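Text of input.pdb, listed as PDB, C-alpha atoms and all ligand atoms:
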```pdb
ATOM      1  CA  MET V   1      -6.999   8.686 -10.838  1.00  0.00           C
ATOM      2  CA  THR V   2      -9.364  10.865 -12.858  1.00  0.00           C
ATOM      3  CA  SER V   3      -9.811   8.992 -16.132  1.00  0.00           C
ATOM      4  CA  PRO V   4     -13.110   7.045 -16.428  1.00  0.00           C
ATOM      5  CA  GLN V   5     -11.651   5.144 -19.409  1.00  0.00           C
ATOM      6  CA  VAL V   6      -8.731   3.825 -17.363  1.00  0.00           C
ATOM      7  CA  ILE V   7     -11.012   2.796 -14.467  1.00  0.00           C
ATOM      8  CA  ASP V   8     -13.362   1.089 -16.933  1.00  0.00           C
ATOM      9  CA  ARG V   9     -10.454  -0.913 -18.362  1.00  0.00           C
ATOM     10  CA  TRP V  10      -9.345  -1.945 -14.856  1.00  0.00           C
ATOM     11  CA  VAL V  11     -12.868  -3.231 -14.114  1.00  0.00           C
ATOM     12  CA  ARG V  12     -13.074  -5.180 -17.380  1.00  0.00           C
ATOM     13  CA  GLU V  13      -9.573  -6.652 -17.193  1.00  0.00           C
ATOM     14  CA  LEU V  14      -9.269  -7.822 -13.596  1.00  0.00           C
ATOM     15  CA  ASP V  15      -6.058  -9.742 -13.036  1.00  0.00           C
ATOM     16  CA  TYR V  16      -5.546 -10.598  -9.373  1.00  0.00           C
ATOM     17  CA  ALA V  17      -2.150 -12.129 -10.108  1.00  0.00           C
ATOM     18  CA  ARG V  18      -1.009  -8.696 -11.259  1.00  0.00           C
ATOM     19  CA  VAL V  19      -2.886  -6.492  -8.746  1.00  0.00           C
ATOM     20  CA  LEU V  20      -4.686  -7.945  -5.742  1.00  0.00           C
ATOM     21  CA  PRO V  21      -7.083  -5.513  -4.054  1.00  0.00           C
ATOM     22  CA  LEU V  22      -8.232  -5.834  -0.462  1.00  0.00           C
ATOM     23  CA  LEU V  23     -11.179  -3.680   0.546  1.00  0.00           C
ATOM     24  CA  ALA V  24     -12.429  -2.522   3.939  1.00  0.00           C
ATOM     25  CA  TRP V  25     -16.191  -1.978   4.142  1.00  0.00           C
ATOM     26  CA  GLU V  26     -18.657  -0.348   6.471  1.00  0.00           C
ATOM     27  CA  GLY V  27     -22.063  -1.582   5.374  1.00  0.00           C
ATOM     28  CA  ASP V  28     -22.154  -1.063   1.620  1.00  0.00           C
ATOM     29  CA  ARG V  29     -19.533   1.687   1.675  1.00  0.00           C
ATOM     30  CA  ILE V  30     -15.901   1.057   0.793  1.00  0.00           C
ATOM     31  CA  ILE V  31     -13.764   2.844   3.408  1.00  0.00           C
ATOM     32  CA  GLY V  32     -10.332   1.480   2.552  1.00  0.00           C
ATOM     33  CA  ASP V  33      -8.438   0.018  -0.361  1.00  0.00           C
ATOM     34  CA  GLY V  34      -5.095  -1.749  -0.174  1.00  0.00           C
ATOM     35  CA  THR V  35      -3.419  -3.310  -3.206  1.00  0.00           C
ATOM     36  CA  LEU V  36      -0.568  -5.741  -3.727  1.00  0.00           C
ATOM     37  CA  HIS V  37       1.090  -5.188  -7.106  1.00  0.00           C
ATOM     38  CA  ARG V  38       3.259  -7.826  -8.725  1.00  0.00           C
ATOM     39  CA  SER V  39       5.503  -7.239 -11.716  1.00  0.00           C
ATOM     40  CA  ARG V  40       5.160  -9.204 -14.963  1.00  0.00           C
ATOM     41  CA  ALA V  41       8.930  -8.947 -15.476  1.00  0.00           C
ATOM     42  CA  GLU V  42      10.734 -12.171 -14.582  1.00  0.00           C
ATOM     43  CA  ALA V  43      13.587 -10.215 -12.994  1.00  0.00           C
ATOM     44  CA  ARG V  44      11.166  -8.540 -10.566  1.00  0.00           C
ATOM     45  CA  ARG V  45       8.921 -11.489  -9.670  1.00  0.00           C
ATOM     46  CA  HIS V  46      10.300 -11.493  -6.128  1.00  0.00           C
ATOM     47  CA  ILE V  47       9.202  -7.909  -5.470  1.00  0.00           C
ATOM     48  CA  GLY V  48       5.706  -6.771  -4.532  1.00  0.00           C
ATOM     49  CA  GLU V  49       4.498  -3.220  -4.110  1.00  0.00           C
ATOM     50  CA  LEU V  50       1.872  -2.157  -1.593  1.00  0.00           C
ATOM     51  CA  ARG V  51      -0.426   0.830  -1.996  1.00  0.00           C
ATOM     52  CA  ILE V  52      -3.125   1.870   0.406  1.00  0.00           C
ATOM     53  CA  VAL V  53      -5.707   4.587   0.860  1.00  0.00           C
ATOM     54  CA  ILE V  54      -8.272   4.983   3.618  1.00  0.00           C
ATOM     55  CA  ASP V  55     -11.368   7.202   3.460  1.00  0.00           C
ATOM     56  CA  PRO V  56     -10.367  10.373   5.389  1.00  0.00           C
ATOM     57  CA  GLU V  57     -13.439   9.964   7.647  1.00  0.00           C
ATOM     58  CA  TYR V  58     -12.156   6.574   8.796  1.00  0.00           C
ATOM     59  CA  ARG V  59      -8.471   7.303   9.353  1.00  0.00           C
ATOM     60  CA  ASN V  60      -6.635   6.778  12.649  1.00  0.00           C
ATOM     61  CA  ARG V  61      -8.850   3.839  13.642  1.00  0.00           C
ATOM     62  CA  GLY V  62      -6.416   1.084  12.711  1.00  0.00           C
ATOM     63  CA  VAL V  63      -7.959   0.254   9.328  1.00  0.00           C
ATOM     64  CA  GLY V  64      -4.810   1.115   7.358  1.00  0.00           C
ATOM     65  CA  ARG V  65      -2.578  -0.954   9.610  1.00  0.00           C
ATOM     66  CA  THR V  66      -4.986  -3.892   9.466  1.00  0.00           C
ATOM     67  CA  LEU V  67      -5.056  -3.828   5.643  1.00  0.00           C
ATOM     68  CA  LEU V  68      -1.255  -3.555   5.478  1.00  0.00           C
ATOM     69  CA  HIS V  69      -0.863  -6.533   7.820  1.00  0.00           C
ATOM     70  CA  ALA V  70      -3.308  -8.583   5.772  1.00  0.00           C
ATOM     71  CA  LEU V  71      -1.427  -7.794   2.548  1.00  0.00           C
ATOM     72  CA  VAL V  72       1.907  -8.703   4.147  1.00  0.00           C
ATOM     73  CA  ASP V  73       0.298 -11.967   5.299  1.00  0.00           C
ATOM     74  CA  ILE V  74      -0.816 -12.698   1.726  1.00  0.00           C
ATOM     75  CA  ALA V  75       2.675 -11.906   0.450  1.00  0.00           C
ATOM     76  CA  ARG V  76       4.122 -14.398   2.958  1.00  0.00           C
ATOM     77  CA  ALA V  77       1.860 -17.231   1.810  1.00  0.00           C
ATOM     78  CA  ALA V  78       3.783 -20.410   1.109  1.00  0.00           C
ATOM     79  CA  ASP V  79       3.076 -20.348  -2.626  1.00  0.00           C
ATOM     80  CA  SER V  80       4.135 -16.734  -3.007  1.00  0.00           C
ATOM     81  CA  GLN V  81       7.387 -16.007  -4.832  1.00  0.00           C
ATOM     82  CA  LEU V  82       7.611 -12.664  -3.104  1.00  0.00           C
ATOM     83  CA  GLU V  83      10.722 -11.906  -1.090  1.00  0.00           C
ATOM     84  CA  LYS V  84      10.517  -8.164  -0.686  1.00  0.00           C
ATOM     85  CA  LEU V  85       7.706  -5.623  -0.367  1.00  0.00           C
ATOM     86  CA  VAL V  86       8.088  -2.003  -1.411  1.00  0.00           C
ATOM     87  CA  PHE V  87       5.992   0.892  -0.131  1.00  0.00           C
ATOM     88  CA  GLU V  88       6.365   4.397  -1.589  1.00  0.00           C
ATOM     89  CA  VAL V  89       5.581   7.417   0.557  1.00  0.00           C
ATOM     90  CA  VAL V  90       5.581  11.090  -0.435  1.00  0.00           C
ATOM     91  CA  ALA V  91       7.866  12.554   2.217  1.00  0.00           C
ATOM     92  CA  ASP V  92       6.040  15.572   3.564  1.00  0.00           C
ATOM     93  CA  ALA V  93       2.496  14.798   2.355  1.00  0.00           C
ATOM     94  CA  GLU V  94       2.080  11.268   3.715  1.00  0.00           C
ATOM     95  CA  ARG V  95       3.291  11.398   7.324  1.00  0.00           C
ATOM     96  CA  ALA V  96       0.689   8.931   8.593  1.00  0.00           C
ATOM     97  CA  ALA V  97       1.844   6.427   5.972  1.00  0.00           C
ATOM     98  CA  THR V  98       5.481   6.935   7.028  1.00  0.00           C
ATOM     99  CA  HIS V  99       4.521   6.303  10.650  1.00  0.00           C
ATOM    100  CA  THR V 100       2.454   3.228   9.797  1.00  0.00           C
ATOM    101  CA  ALA V 101       5.157   1.729   7.558  1.00  0.00           C
ATOM    102  CA  GLU V 102       7.907   2.251  10.137  1.00  0.00           C
ATOM    103  CA  ALA V 103       5.705   0.824  12.905  1.00  0.00           C
ATOM    104  CA  MET V 104       5.333  -2.332  10.794  1.00  0.00           C
ATOM    105  CA  GLY V 105       9.065  -2.741  10.307  1.00  0.00           C
ATOM    106  CA  PHE V 106       9.457  -1.216   6.837  1.00  0.00           C
ATOM    107  CA  VAL V 107      12.901   0.349   6.418  1.00  0.00           C
ATOM    108  CA  LYS V 108      13.647   3.404   4.298  1.00  0.00           C
ATOM    109  CA  ALA V 109      15.770   2.170   1.392  1.00  0.00           C
ATOM    110  CA  ALA V 110      15.958   5.213  -0.869  1.00  0.00           C
ATOM    111  CA  THR V 111      14.837   8.779  -1.336  1.00  0.00           C
ATOM    112  CA  PHE V 112      14.182  10.321  -4.727  1.00  0.00           C
ATOM    113  CA  ALA V 113      14.493  14.085  -4.455  1.00  0.00           C
ATOM    114  CA  ALA V 114      11.791  16.317  -5.984  1.00  0.00           C
ATOM    115  CA  HIS V 115      10.160  13.247  -7.516  1.00  0.00           C
ATOM    116  CA  ILE V 116       6.390  13.767  -7.169  1.00  0.00           C
ATOM    117  CA  ARG V 117       4.533  16.792  -8.451  1.00  0.00           C
ATOM    118  CA  TYR V 118       0.821  17.238  -7.686  1.00  0.00           C
ATOM    119  CA  PHE V 119      -0.676  19.161 -10.572  1.00  0.00           C
ATOM    120  CA  ALA V 120       1.357  22.373 -11.006  1.00  0.00           C
ATOM    121  CA  GLY V 121       2.691  22.528  -7.428  1.00  0.00           C
ATOM    122  CA  GLU V 122       6.244  22.200  -6.152  1.00  0.00           C
ATOM    123  CA  PRO V 123       7.796  18.707  -6.409  1.00  0.00           C
ATOM    124  CA  HIS V 124       8.007  16.551  -3.259  1.00  0.00           C
ATOM    125  CA  ASP V 125      10.627  13.992  -2.230  1.00  0.00           C
ATOM    126  CA  LEU V 126       9.605  10.327  -2.452  1.00  0.00           C
ATOM    127  CA  HIS V 127      10.739   7.816   0.180  1.00  0.00           C
ATOM    128  CA  VAL V 128      10.883   4.167  -0.842  1.00  0.00           C
ATOM    129  CA  TYR V 129      10.407   1.770   2.079  1.00  0.00           C
ATOM    130  CA  GLU V 130      11.001  -1.954   1.921  1.00  0.00           C
ATOM    131  CA  LEU V 131      10.244  -5.021   4.036  1.00  0.00           C
ATOM    132  CA  GLN V 132      11.853  -8.455   3.747  1.00  0.00           C
ATOM    133  CA  VAL V 133       8.761 -10.647   3.559  1.00  0.00           C
ATOM    134  CA  ARG V 134      10.119 -13.708   5.318  1.00  0.00           C
ATOM    135  CA  GLU V 135      11.336 -11.677   8.290  1.00  0.00           C
ATOM    136  CA  ALA V 136       8.059  -9.797   8.700  1.00  0.00           C
ATOM    137  CA  GLN V 137       6.406  -9.911  12.101  1.00  0.00           C
ATOM    138  CA  VAL V 138       2.744 -10.632  11.491  1.00  0.00           C
ATOM    139  CA  LEU V 139       0.360  -9.844  14.298  1.00  0.00           C
ATOM    140  CA  GLU V 140      -1.822 -12.661  15.568  1.00  0.00           C
ATOM    141  CA  ASP V 141      -4.697 -10.262  16.063  1.00  0.00           C
ATOM    142  CA  PRO V 142      -4.373  -6.807  14.491  1.00  0.00           C
ATOM    143  CA  ALA V 143      -7.396  -5.657  16.529  1.00  0.00           C
ATOM    144  CA  ALA V 144      -5.166  -5.672  19.593  1.00  0.00           C
ATOM    145  CA  TYR V 145      -3.301  -2.737  18.093  1.00  0.00           C
ATOM    146  CA  MET V 146      -6.359  -0.608  17.406  1.00  0.00           C
ATOM    147  CA  TYR V 147      -7.748   2.081  19.592  1.00  0.00           C
TER     148      TYR V 147
HETATM  149  C1  LIG Y 201      -1.611   6.169   5.457  1.00  0.00           C
HETATM  150  C2  LIG Y 201      -3.041   5.701   5.684  1.00  0.00           C
HETATM  151  C3  LIG Y 201      -3.335   4.561   4.736  1.00  0.00           C
HETATM  152  C4  LIG Y 201      -3.144   5.195   7.130  1.00  0.00           C
HETATM  153  O1  LIG Y 201      -4.458   4.668   7.303  1.00  0.00           O
HETATM  154  P1  LIG Y 201      -5.161   4.683   8.746  1.00  0.00           P
HETATM  155  O2  LIG Y 201      -6.337   3.804   8.719  1.00  0.00           O
HETATM  156  O3  LIG Y 201      -5.377   6.080   9.195  1.00  0.00           O
HETATM  157  O4  LIG Y 201      -3.994   4.014   9.598  1.00  0.00           O
HETATM  158  P2  LIG Y 201      -3.985   3.560  11.108  1.00  0.00           P
HETATM  159  O5  LIG Y 201      -5.167   4.135  11.828  1.00  0.00           O
HETATM  160  O6  LIG Y 201      -3.836   2.087  11.129  1.00  0.00           O
HETATM  161  O7  LIG Y 201      -2.631   4.186  11.641  1.00  0.00           O
HETATM  162  C5  LIG Y 201      -2.356   5.551  11.446  1.00  0.00           C
HETATM  163  C6  LIG Y 201      -1.118   5.887  12.244  1.00  0.00           C
HETATM  164  O8  LIG Y 201      -0.566   7.103  11.718  1.00  0.00           O
HETATM  165  C7  LIG Y 201      -0.438   8.047  12.780  1.00  0.00           C
HETATM  166  N1  LIG Y 201      -0.605   9.359  12.199  1.00  0.00           N
HETATM  167  C8  LIG Y 201      -1.744   9.919  11.764  1.00  0.00           C
HETATM  168  N2  LIG Y 201      -1.476  11.155  11.274  1.00  0.00           N
HETATM  169  C9  LIG Y 201      -0.135  11.352  11.406  1.00  0.00           C
HETATM  170  C10 LIG Y 201       0.753  12.418  11.073  1.00  0.00           C
HETATM  171  N3  LIG Y 201       0.325  13.541  10.502  1.00  0.00           N
HETATM  172  N4  LIG Y 201       2.073  12.257  11.352  1.00  0.00           N
HETATM  173  C11 LIG Y 201       2.544  11.118  11.928  1.00  0.00           C
HETATM  174  N5  LIG Y 201       1.741  10.067  12.260  1.00  0.00           N
HETATM  175  C12 LIG Y 201       0.418  10.189  11.993  1.00  0.00           C
HETATM  176  C13 LIG Y 201      -1.518   7.648  13.759  1.00  0.00           C
HETATM  177  O9  LIG Y 201      -1.245   8.144  15.052  1.00  0.00           O
HETATM  178  C14 LIG Y 201      -1.449   6.142  13.706  1.00  0.00           C
HETATM  179  O10 LIG Y 201      -0.368   5.652  14.440  1.00  0.00           O
HETATM  180  P3  LIG Y 201      -0.570   4.854  15.829  1.00  0.00           P
HETATM  181  O11 LIG Y 201      -1.509   3.721  15.529  1.00  0.00           O
HETATM  182  O12 LIG Y 201       0.805   4.392  16.181  1.00  0.00           O
HETATM  183  O13 LIG Y 201      -1.128   5.865  16.768  1.00  0.00           O
HETATM  184  C15 LIG Y 201      -4.049   6.873   5.498  1.00  0.00           C
HETATM  185  O14 LIG Y 201      -3.638   7.969   6.273  1.00  0.00           O
HETATM  186  C16 LIG Y 201      -4.202   7.308   4.051  1.00  0.00           C
HETATM  187  O15 LIG Y 201      -5.054   6.788   3.326  1.00  0.00           O
HETATM  188  N6  LIG Y 201      -3.383   8.291   3.618  1.00  0.00           N
HETATM  189  C17 LIG Y 201      -3.453   8.815   2.251  1.00  0.00           C
HETATM  190  C18 LIG Y 201      -2.870   7.837   1.251  1.00  0.00           C
HETATM  191  C19 LIG Y 201      -1.439   7.467   1.529  1.00  0.00           C
HETATM  192  O16 LIG Y 201      -0.654   8.257   2.051  1.00  0.00           O
HETATM  193  N7  LIG Y 201      -1.096   6.218   1.180  1.00  0.00           N
HETATM  194  C20 LIG Y 201       0.245   5.704   1.408  1.00  0.00           C
HETATM  195  C21 LIG Y 201       1.039   5.628   0.174  1.00  0.00           C
HETATM  196  S1  LIG Y 201       0.433   4.420  -0.977  1.00  0.00           S
END
```
Is it possible to express this structure as structure tokens?
Amino acid sequence: MTSPQVIDRWVRELDYARVLPLLAWEGDRIIGDGTLHRSRAEARRHIGELRIVIDPEYRNRGVGRTLLHALVDIARAADSQLEKLVFEVVADAERAATHTAEAMGFVKAATFAAHIRYFAGEPHDLHVYELQVREAQVLEDPAAYMY
């Protein structure tokens, strides 16, 4: 995201029912951001999408998995209409995300060939993973899975 205008609009028009952010902090520094996106379309109310990014300096310490678990937990809340979570991963560029999603029980549902192009580079395949929310195994204590 490189447009200050778009970021400014996001800040002014917060709507947690549409996009719920969960942040990981160290002191006053944000080191991770996970978001749960819900659709406004009635036909898609049962589907949530997860997105996550961790500061490169803080990767491989369990922060990403902890945020993902917390978002799945929120999606499972009794008042949630969500039945299915979707997680998109760029096939060759996001191997850690693939590993983390599969470790959490996400299943690859579809692949879109040559779907994502970064700037003027070659297009990459996009894998779409999904998780049935009610069947999700939620860890009692995610810290037990850190190292
Ligand atoms: C994917 C991402 C969120 C994971 O965050 P994280 O805090 O590093 O995650 P964790 O430490 O909880 O787990 C990382 C796992 O990936 C594994 N991993 C790291 N690099 C890997 C690679 N190149 N190939 C395969 N697995 C890899 C780690 O070994 C670890 O698995 P383990 O716990 O079983 O050993 C982070 O790498 C990231 O921000 N990536 C860029 C954004 C992105 O790809 N987002 C996903 C799409 S929205």
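Counting all atoms listed in the file and comparing V:Pro4, V:Ala96, V:Arg117, V:Arg18, the residue that lies closest to Arg61 in chain V is V:Ala96.
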**Asked** Once you count only C-alpha atoms and all ligand atoms, which residues end up within 6 Å of ligand LIG 201 (chain Y), and could you hand them over as a count of residues only?
**Response** 19
**Asked** Got a sec: who's within 9 Å of Ala110 in chain V, counting only C-alpha atoms, leaving out chain neighbours fewer than 3 positions off, as JSON, numbers by chain?
**Response** {"V": [126, 127, 128, 129]}
**Message:** Evaluate the PyMOL selection byres (((chain V and resi 36) around 8) and not hetatm) against this structure - the residues, as a ChimeraX atom specification, please.
**Reply:** /V:19-21,34-35,37-38,48-51,71
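Picked by the PyMOL selection byres (((chain V and resi 113) around 12) and not hetatm) from the coordinates shown: Val90, Ala91, Asp92, Ala110, Thr111, Phe112, Ala114, His115, Ile116, Arg117, Glu122, Pro123, His124, Asp125, Leu126, His127 and Val128 of chain V.
Take CA of Tyr58 in chain V and CA of Val11 in chain V: the distance between them is 24.9 Å.
Using only C-alpha atoms, the shortest contact distance between Tyr118 in chain V and any of V:Ile47, V:Ala103, V:Ala93, V:Leu67 is found at V:Ala93.
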**Request:** To one decimal in Å, tell me the separation between CA of Arg76 in chain V and CA of Val107 in chain V.
**Result:** 17.5 Å
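Each of V:Arg134, V:Lys108, V:Arg40, V:His46 was compared to Asp15 in chain V using all atoms listed in the file, and V:Arg40 turns out to be the nearest.
CA of Glu102 in chain V lies 13.1 Å from CA of Leu85 in chain V.
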